[in-house]
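Peer 1: What follows is structure.txt; its format and atoms are compact mmCIF, C-alpha atoms.
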# COMPACT_ATOMS: atom_id res chain seq x y z
CA MET A 1 -7.57 43.06 66.12
CA LYS A 2 -9.60 40.08 67.30
CA GLY A 3 -11.48 39.91 64.01
CA ARG A 4 -8.27 40.14 61.97
CA GLY A 5 -6.69 37.38 64.03
CA ALA A 6 -9.71 35.22 63.44
CA SER A 7 -9.25 35.82 59.71
CA PHE A 8 -5.78 34.31 59.96
CA LEU A 9 -7.25 31.29 61.75
CA LEU A 10 -9.87 30.84 59.05
CA ARG A 11 -7.14 31.13 56.42
CA ALA A 12 -5.17 28.32 58.07
CA LEU A 13 -8.26 26.15 58.29
CA GLY A 14 -9.05 26.94 54.66
CA LEU A 15 -5.70 25.55 53.60
CA LEU A 16 -6.55 22.32 55.36
CA VAL A 17 -9.79 22.22 53.38
CA LEU A 18 -7.68 22.53 50.23
CA VAL A 19 -5.71 19.45 51.23
CA SER A 20 -8.95 17.62 51.94
CA VAL A 21 -10.08 18.43 48.40
CA ILE A 22 -6.90 16.87 47.05
CA LEU A 23 -7.34 13.78 49.20
CA ALA A 24 -10.88 13.40 47.90
CA MET A 25 -9.66 13.62 44.32
CA VAL A 26 -6.56 11.46 44.44
CA GLY A 27 -7.02 9.25 47.48
CA CYS A 28 -9.91 7.16 46.20
CA GLY A 29 -8.82 6.33 42.71
CA GLY A 30 -7.10 3.83 42.58
CA GLY A 31 9.90 -0.81 42.60
CA GLY A 32 12.29 1.52 41.96
CA ASP A 33 14.89 3.62 43.74
CA GLY A 34 12.64 6.63 44.18
CA GLY A 35 14.88 8.60 41.85
CA GLY A 36 11.94 10.16 40.02
CA ASN A 37 10.47 11.34 43.32
CA LYS A 38 13.32 13.66 44.21
CA ASP A 39 11.01 16.60 45.02
CA ALA A 40 8.92 14.46 47.36
CA ILE A 41 12.01 13.12 49.10
CA ALA A 42 13.57 16.59 49.31
CA LEU A 43 10.50 17.86 51.18
CA MET A 44 10.36 14.76 53.37
CA LYS A 45 13.92 15.63 54.41
CA LYS A 46 12.55 18.89 55.86
CA LEU A 47 10.08 17.15 58.18
CA PRO A 48 10.92 15.97 61.71
CA GLN A 49 11.03 12.35 62.72
CA GLY A 50 7.87 11.01 64.28
CA SER A 51 5.52 12.23 61.56
CA GLU A 52 2.99 9.48 60.87
CA THR A 53 1.54 10.69 57.56
CA PHE A 54 2.98 12.33 54.47
CA MET A 55 1.44 13.36 51.17
CA PHE A 56 3.24 15.08 48.29
CA VAL A 57 1.41 16.64 45.33
CA ASP A 58 3.19 17.79 42.17
CA MET A 59 1.26 20.94 41.28
CA LYS A 60 3.64 22.02 38.50
CA THR A 61 2.98 18.84 36.53
CA MET A 62 -0.76 19.36 36.92
CA ARG A 63 -0.40 22.93 35.72
CA ASP A 64 1.81 22.14 32.72
CA ASP A 65 0.11 18.95 31.49
CA LYS A 66 -3.00 19.53 29.37
CA ASP A 67 -4.30 16.08 30.31
CA LEU A 68 -4.35 17.18 33.94
CA ALA A 69 -5.86 20.61 33.34
CA GLN A 70 -9.18 19.58 34.88
CA VAL A 71 -7.42 18.48 38.05
CA TYR A 72 -5.50 21.72 38.38
CA SER A 73 -8.42 24.02 37.57
CA SER A 74 -10.50 22.42 40.30
CA PHE A 75 -8.30 24.07 42.93
CA ASP A 76 -9.07 27.56 41.66
CA ASP A 77 -12.75 26.66 41.33
CA GLU A 78 -13.06 25.43 44.90
CA GLU A 79 -14.78 28.10 46.97
CA GLY A 80 -12.47 29.87 49.40
CA MET A 81 -9.27 28.25 48.20
CA ALA A 82 -7.73 31.43 46.77
CA SER A 83 -8.08 33.17 50.14
CA ALA A 84 -6.61 30.23 52.03
CA MET A 85 -3.08 30.62 50.72
CA GLY A 86 -1.97 33.61 52.78
CA GLY A 87 -0.96 35.83 49.88
CA ILE A 88 0.39 32.93 47.81
CA SER A 89 -1.14 32.24 44.43
CA MET A 90 -1.77 28.61 43.52
CA ASP A 91 -0.03 29.36 40.22
CA ASP A 92 3.17 29.98 42.18
CA VAL A 93 3.09 26.62 44.00
CA ASP A 94 5.19 23.94 42.28
CA SER A 95 4.55 21.26 44.89
CA PHE A 96 3.41 20.87 48.44
CA VAL A 97 3.38 18.38 51.26
CA MET A 98 0.97 17.76 54.09
CA ALA A 99 2.28 15.79 57.07
CA GLY A 100 1.00 14.87 60.48
CA GLU A 101 -2.15 16.56 61.73
CA MET A 102 -1.44 20.00 60.33
CA VAL A 103 1.92 20.63 58.69
CA VAL A 104 1.97 22.04 55.15
CA LEU A 105 5.15 22.76 53.18
CA MET A 106 4.70 24.76 49.99
CA GLN A 107 7.49 24.87 47.42
CA GLY A 108 7.56 27.26 44.46
CA GLN A 109 8.34 30.84 43.53
CA PHE A 110 6.79 33.22 46.07
CA ASP A 111 6.55 36.98 46.48
CA LEU A 112 7.23 37.24 50.20
CA GLU A 113 6.20 40.90 50.30
CA GLU A 114 2.69 39.87 49.29
CA VAL A 115 2.72 37.19 51.99
CA ARG A 116 3.85 39.73 54.60
CA THR A 117 1.14 42.15 53.53
CA GLN A 118 -1.49 39.44 53.92
CA MET A 119 -0.11 38.44 57.32
CA GLU A 120 -0.29 42.04 58.51
CA GLU A 121 -3.86 42.37 57.25
CA ASP A 122 -4.75 39.20 59.14
CA GLY A 123 -3.33 40.61 62.37
CA ALA A 124 -0.52 38.07 62.69
CA ASP A 125 2.53 38.86 64.82
CA LYS A 126 5.97 38.80 63.23
CA ASP A 127 8.57 36.69 65.02
CA GLU A 128 11.79 34.84 64.26
CA TYR A 129 13.14 31.37 64.97
CA GLN A 130 16.62 30.15 64.08
CA GLY A 131 16.94 33.13 61.74
CA VAL A 132 13.70 32.29 59.89
CA GLU A 133 10.90 34.84 59.68
CA VAL A 134 7.74 33.46 61.33
CA TRP A 135 4.26 34.99 61.53
CA LYS A 136 2.06 33.73 64.37
CA THR A 137 -1.45 33.95 65.74
CA PHE A 138 -3.88 31.63 67.55
CA GLY A 139 -1.23 28.89 67.73
CA PHE A 140 -0.69 28.85 63.95
CA ALA A 141 2.50 29.89 62.21
CA TRP A 142 3.63 30.74 58.70
CA ALA A 143 7.41 30.31 58.41
CA LEU A 144 8.92 32.13 55.43
CA VAL A 145 12.05 30.02 55.00
CA ASP A 146 12.87 31.73 51.71
CA SER A 147 11.17 32.74 48.46
CA ASN A 148 11.00 29.05 47.47
CA LEU A 149 9.69 27.47 50.68
CA VAL A 150 6.88 28.43 53.06
CA ILE A 151 5.70 26.33 56.01
CA MET A 152 2.23 26.49 57.56
CA ALA A 153 1.88 24.59 60.83
CA SER A 154 1.28 24.93 64.54
CA ASP A 155 3.89 27.01 66.35
CA ASP A 156 5.70 23.93 67.67
CA ASP A 157 5.55 21.98 64.40
CA ALA A 158 6.87 24.95 62.42
CA GLU A 159 9.84 25.20 64.78
CA ASP A 160 10.45 21.45 64.53
CA CYS A 161 10.62 21.75 60.73
CA ILE A 162 13.01 24.69 60.99
CA ASP A 163 15.23 22.67 63.33
CA VAL A 164 15.45 19.96 60.67
CA ILE A 165 16.14 22.45 57.89
CA LYS A 166 18.90 24.07 59.95
CA GLY A 167 20.49 20.66 60.57
CA ASN A 168 19.76 20.59 64.29
CA SER A 169 17.39 17.60 64.15
CA LYS A 170 17.09 14.48 62.05
CA SER A 171 14.50 14.27 59.29
CA LEU A 172 11.65 11.86 58.70
CA TYR A 173 13.49 10.49 55.66
CA GLU A 174 16.44 9.52 57.88
CA GLU A 175 14.29 6.88 59.57
CA ALA A 176 15.47 3.63 57.98
CA ASP A 177 12.01 2.15 57.47
CA VAL A 178 10.69 5.35 55.91
CA SER A 179 13.50 5.68 53.38
CA ALA A 180 13.13 1.97 52.56
CA ASP A 181 9.40 2.43 51.93
CA MET A 182 9.99 5.46 49.71
CA GLY A 183 12.71 3.63 47.82
CA LYS A 184 10.21 0.97 46.77
CA LEU A 185 8.08 3.42 44.81
CA PRO A 186 8.51 4.05 41.09
CA GLY A 187 9.58 7.51 39.98
CA ASP A 188 7.81 10.34 38.16
CA SER A 189 4.87 10.43 40.56
CA LEU A 190 2.10 12.99 40.52
CA VAL A 191 1.16 12.07 44.08
CA VAL A 192 3.23 10.30 46.74
CA ALA A 193 1.65 9.30 50.05
CA TRP A 194 3.01 7.46 53.06
CA GLY A 195 1.55 6.59 56.45
CA VAL A 196 2.04 4.34 59.44
CA GLY A 197 -0.40 2.18 61.38
CA GLY A 198 -2.60 -0.84 60.97
CA GLU A 199 -5.09 0.94 58.73
CA ASN A 200 -4.11 1.05 55.08
CA PHE A 201 -5.42 4.47 54.12
CA PHE A 202 -5.39 3.50 50.44
CA ALA A 203 -8.02 0.81 50.84
CA ASN A 204 -9.44 2.11 54.14
CA GLU A 205 -9.08 -1.36 55.61
CA THR A 206 -7.15 -2.71 58.58
CA TYR A 207 -4.76 -5.65 58.15
CA SER A 208 -3.08 -7.53 60.95
CA GLY A 209 0.63 -6.75 61.16
CA LEU A 210 0.51 -3.77 58.77
CA GLU A 211 3.11 -1.20 59.79
CA ALA A 212 3.09 1.36 56.95
CA THR A 213 1.82 2.03 53.44
CA ALA A 214 3.52 3.94 50.62
CA ILE A 215 1.60 4.96 47.50
CA SER A 216 2.55 6.42 44.14
CA MET A 217 0.16 7.77 41.51
CA SER A 218 1.44 8.69 38.07
CA LYS A 219 0.03 9.33 34.62
CA LYS A 220 0.66 6.36 32.33
CA ASP A 221 -0.76 8.08 29.24
CA SER A 222 -3.35 10.69 28.31
CA ASP A 223 -6.19 8.44 29.48
CA THR A 224 -4.72 6.27 32.21
CA MET A 225 -3.54 6.70 35.78
CA LYS A 226 -1.23 4.10 37.32
CA VAL A 227 -1.30 3.41 41.05
CA THR A 228 1.40 1.55 42.97
CA ALA A 229 1.11 0.70 46.66
CA PHE A 230 3.62 -0.99 48.95
CA MET A 231 2.29 -2.18 52.31
CA ARG A 232 4.99 -3.03 54.85
CA PHE A 233 4.07 -5.73 57.37
CA GLN A 234 5.87 -6.78 60.52
CA ASP A 235 7.09 -9.96 58.81
CA SER A 236 6.70 -11.97 55.63
CA ALA A 237 4.10 -14.28 57.19
CA SER A 238 1.80 -11.33 57.96
CA ALA A 239 2.28 -10.05 54.42
CA ARG A 240 1.40 -13.44 52.96
CA ASP A 241 -1.72 -13.74 55.13
CA ALA A 242 -3.01 -10.33 53.98
CA MET A 243 -2.62 -10.80 50.22
CA ASP A 244 -6.09 -12.20 49.52
CA ASP A 245 -7.76 -9.46 51.55
CA VAL A 246 -5.73 -6.76 49.81
CA GLN A 247 -6.71 -8.17 46.42
CA GLU A 248 -10.40 -8.24 47.34
CA ASP A 249 -10.39 -4.77 48.90
CA MET A 250 -8.68 -3.13 45.96
CA GLU A 251 -11.11 -4.74 43.52
CA GLN A 252 -13.93 -3.10 45.45
CA GLU A 253 -12.15 0.23 46.07
CA GLY A 254 -14.28 3.29 45.31
CA GLU A 255 -16.46 3.74 42.25
CA ALA A 256 -13.67 3.88 39.68
CA GLU A 257 -13.15 0.86 37.47
CA VAL A 258 -9.79 -0.71 38.29
CA THR A 259 -7.95 -2.65 35.58
CA ASN A 260 -4.70 -4.61 35.42
CA LEU A 261 -4.78 -5.16 39.17
CA LYS A 262 -1.85 -7.23 40.40
CA VAL A 263 -1.01 -8.09 44.01
CA THR A 264 2.31 -9.73 44.83
CA GLN A 265 4.51 -10.33 47.86
CA ASP A 266 8.00 -8.91 48.24
CA GLY A 267 9.31 -10.20 51.58
CA ALA A 268 7.53 -8.25 54.32
CA TYR A 269 5.87 -6.05 51.70
CA VAL A 270 2.66 -6.56 49.75
CA LYS A 271 2.86 -4.76 46.41
CA ALA A 272 -0.30 -3.78 44.58
CA THR A 273 -0.43 -2.15 41.16
CA ALA A 274 -3.49 -1.08 39.21
CA GLU A 275 -4.67 1.23 36.46
CA THR A 276 -7.77 3.38 36.13
CA ASP A 277 -9.14 6.00 33.76
CA LEU A 278 -7.45 9.30 34.54
CA ASP A 279 -10.72 11.17 35.12
CA GLU A 280 -12.29 8.35 37.12
CA GLY A 281 -9.19 7.82 39.20
CA LEU A 282 -9.02 11.45 40.20
CA PHE A 283 -12.64 12.43 40.49
CA SER A 284 -14.60 9.37 41.64
What would the structure in this file look like if it were written as structure tokens?

Peer 2:
Amino acid sequence: MKGRGASFLLRALGLLVLVSVILAMVGCGGGGDGGGNKDAIALMKKLPQGSETFMFVDMKTMRDDKDLAQVYSSFDDEEGMASAMGGISMDDVDSFVMAGEMVVLMQGQFDLEEVRTQMEEDGADKDEYQGVEVWKTFGFAWALVDSNLVIMASDDDAEDCIDVIKGNSKSLYEEADVSADMGKLPGDSLVVAWGVGGENFFANETYSGLEATAISMSKKDSDTMKVTAFMRFQDSASARDAMDDVQEDMEQEGEAEVTNLKVTQDGAYVKATAETDLDEGLFS
């Protein structure tokens, strides 16, 4: 039983490696009402308040768009990724979110019997919370909300998400600043990321007065990826003071060639837009 439980632990860690692969591919490359990001917002509404990071990835678009085939195929090619999903095939995942230190929400069309079989083989213990089936071991939990939503998180974080889903707690999106940040982003995004703190994880630089960063990545055409970032500062003066540094940092960001870079101020926000070759933006 000990060995089977350890297998479950390795499976959970493997899923985190999968997210790291995505961050490596999309995190180095490069205003609207957020209406085109409905899936991202819908999943953000299932997360508890207090989460400090959020990243949404639209897997279905990757799977269905021939221009993004290389991106999607890389997941299946990555060693160990197929075994990290706990009985869930990547082909069944339409989108997923990673939040906080270790919360993953997977949305799609899932065969829960296959998931249960895998959980049993891994030696996980079946439990229930707020009427939701939960499999647990070594402090990790897989919550089978329904055939369209599965949560992988620590025991406590999984329960916090279930509390939000059941309407017993407020969601991350209900925080006024968070919804305002998300509302700045253009729609139809392949990747949406958001995070708090003085370090802008897009440029890996720290700016005085920076409170949060929201990022959108979308395909402009068959060759070009468009990146939009909104950095929220504590006040308009802090935003103004950071503009030159943001411009310089984004010009030097990663190995991908950035074109059409534009940095502007919008009150307490600094907005940066840029374009890069699709392959370079995702794989540099």

Peer 1: Restricting the calculation to all atoms listed in the file, which member of A:Val227, A:Val97, A:Cys161, A:Val150 is positioned closest to A:Leu47?

Peer 2: A:Cys161

Peer 1: Using all atoms listed in the file for the distances, tell me which of A:Ala193, A:Lys170, A:Val104, A:Glu52 is nearest to A:Ala141.

Peer 2: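 Under the stated criterion, the closest residue is A:Val104.
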
Peer 1: Counting all atoms listed in the file, which residue out of A:Lys60, A:Arg232, A:Arg240, A:Lys136 sits closest to A:Val191?

Peer 2: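 Checking each of A:Lys60, A:Arg232, A:Arg240, A:Lys136 against A:Val191, counting all atoms listed in the file, the winner is A:Lys60.
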
Peer 1: Could you name the residues that touch A:Asn260 at 8 Å or less, counting all atoms listed in the file, but leaving out those on the same chain fewer than 4 positions away, as JSON, numbers by chain?

Peer 2: {"A": [273, 274, 275]}

Peer 1: Which residues are close to A:Phe230, i.e. within 10 Å by only C-alpha atoms, leaving aside same-chain residues fewer than 3 positions away? Reply as a PyMOL selection string.

Peer 2: chain A and resi 31+181-182+184-185+194+212-216+233+263-266+268-273

Peer 1: Between atom CA of A:Gly123 and atom CA of A:Asp91, measure the distance and give it in Å to one decimal.

Peer 2: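 Calculated distance between atom CA of A:Gly123 and atom CA of A:Asp91 is 25.1 Å.
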
Peer 1: Between A:Gly209, A:Gly108, A:Gly139, A:Gly131, which is the closest to A:Leu43 once you count all atoms listed in the file?

Peer 2: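 Answer, going by the shortest atom-to-atom distance: A:Gly108.
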
Peer 1: Quote the spacing between atom CA of A:Asn148 and atom CA of A:Ser95 in Å to one decimal place.

Peer 2: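 Going from atom CA of A:Asn148 over to atom CA of A:Ser95, I get 10.4 Å.
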
Peer 1: Go through A:Gln247, A:Thr53, A:Ser218, A:Ser208 and flag the residue nearest A:Gln234, using all atoms listed in the file for the distances.

Peer 2: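 With all atoms listed in the file as the atom set, the closest residue is A:Ser208.
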
Peer 1: Do you have the atom CA of A:Val145-atom CA of A:Val132 distance handy?

Peer 2: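 Computed distance, atom CA of A:Val145 to atom CA of A:Val132, equals 5.6 Å.
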
Peer 1: Which is closer to A:Asp160 than all the others in A:Val246, A:Ser147, A:Ala237, A:Lys46, using only C-alpha atoms?

Peer 2: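 So, comparing all the options, the nearest one is A:Lys46.
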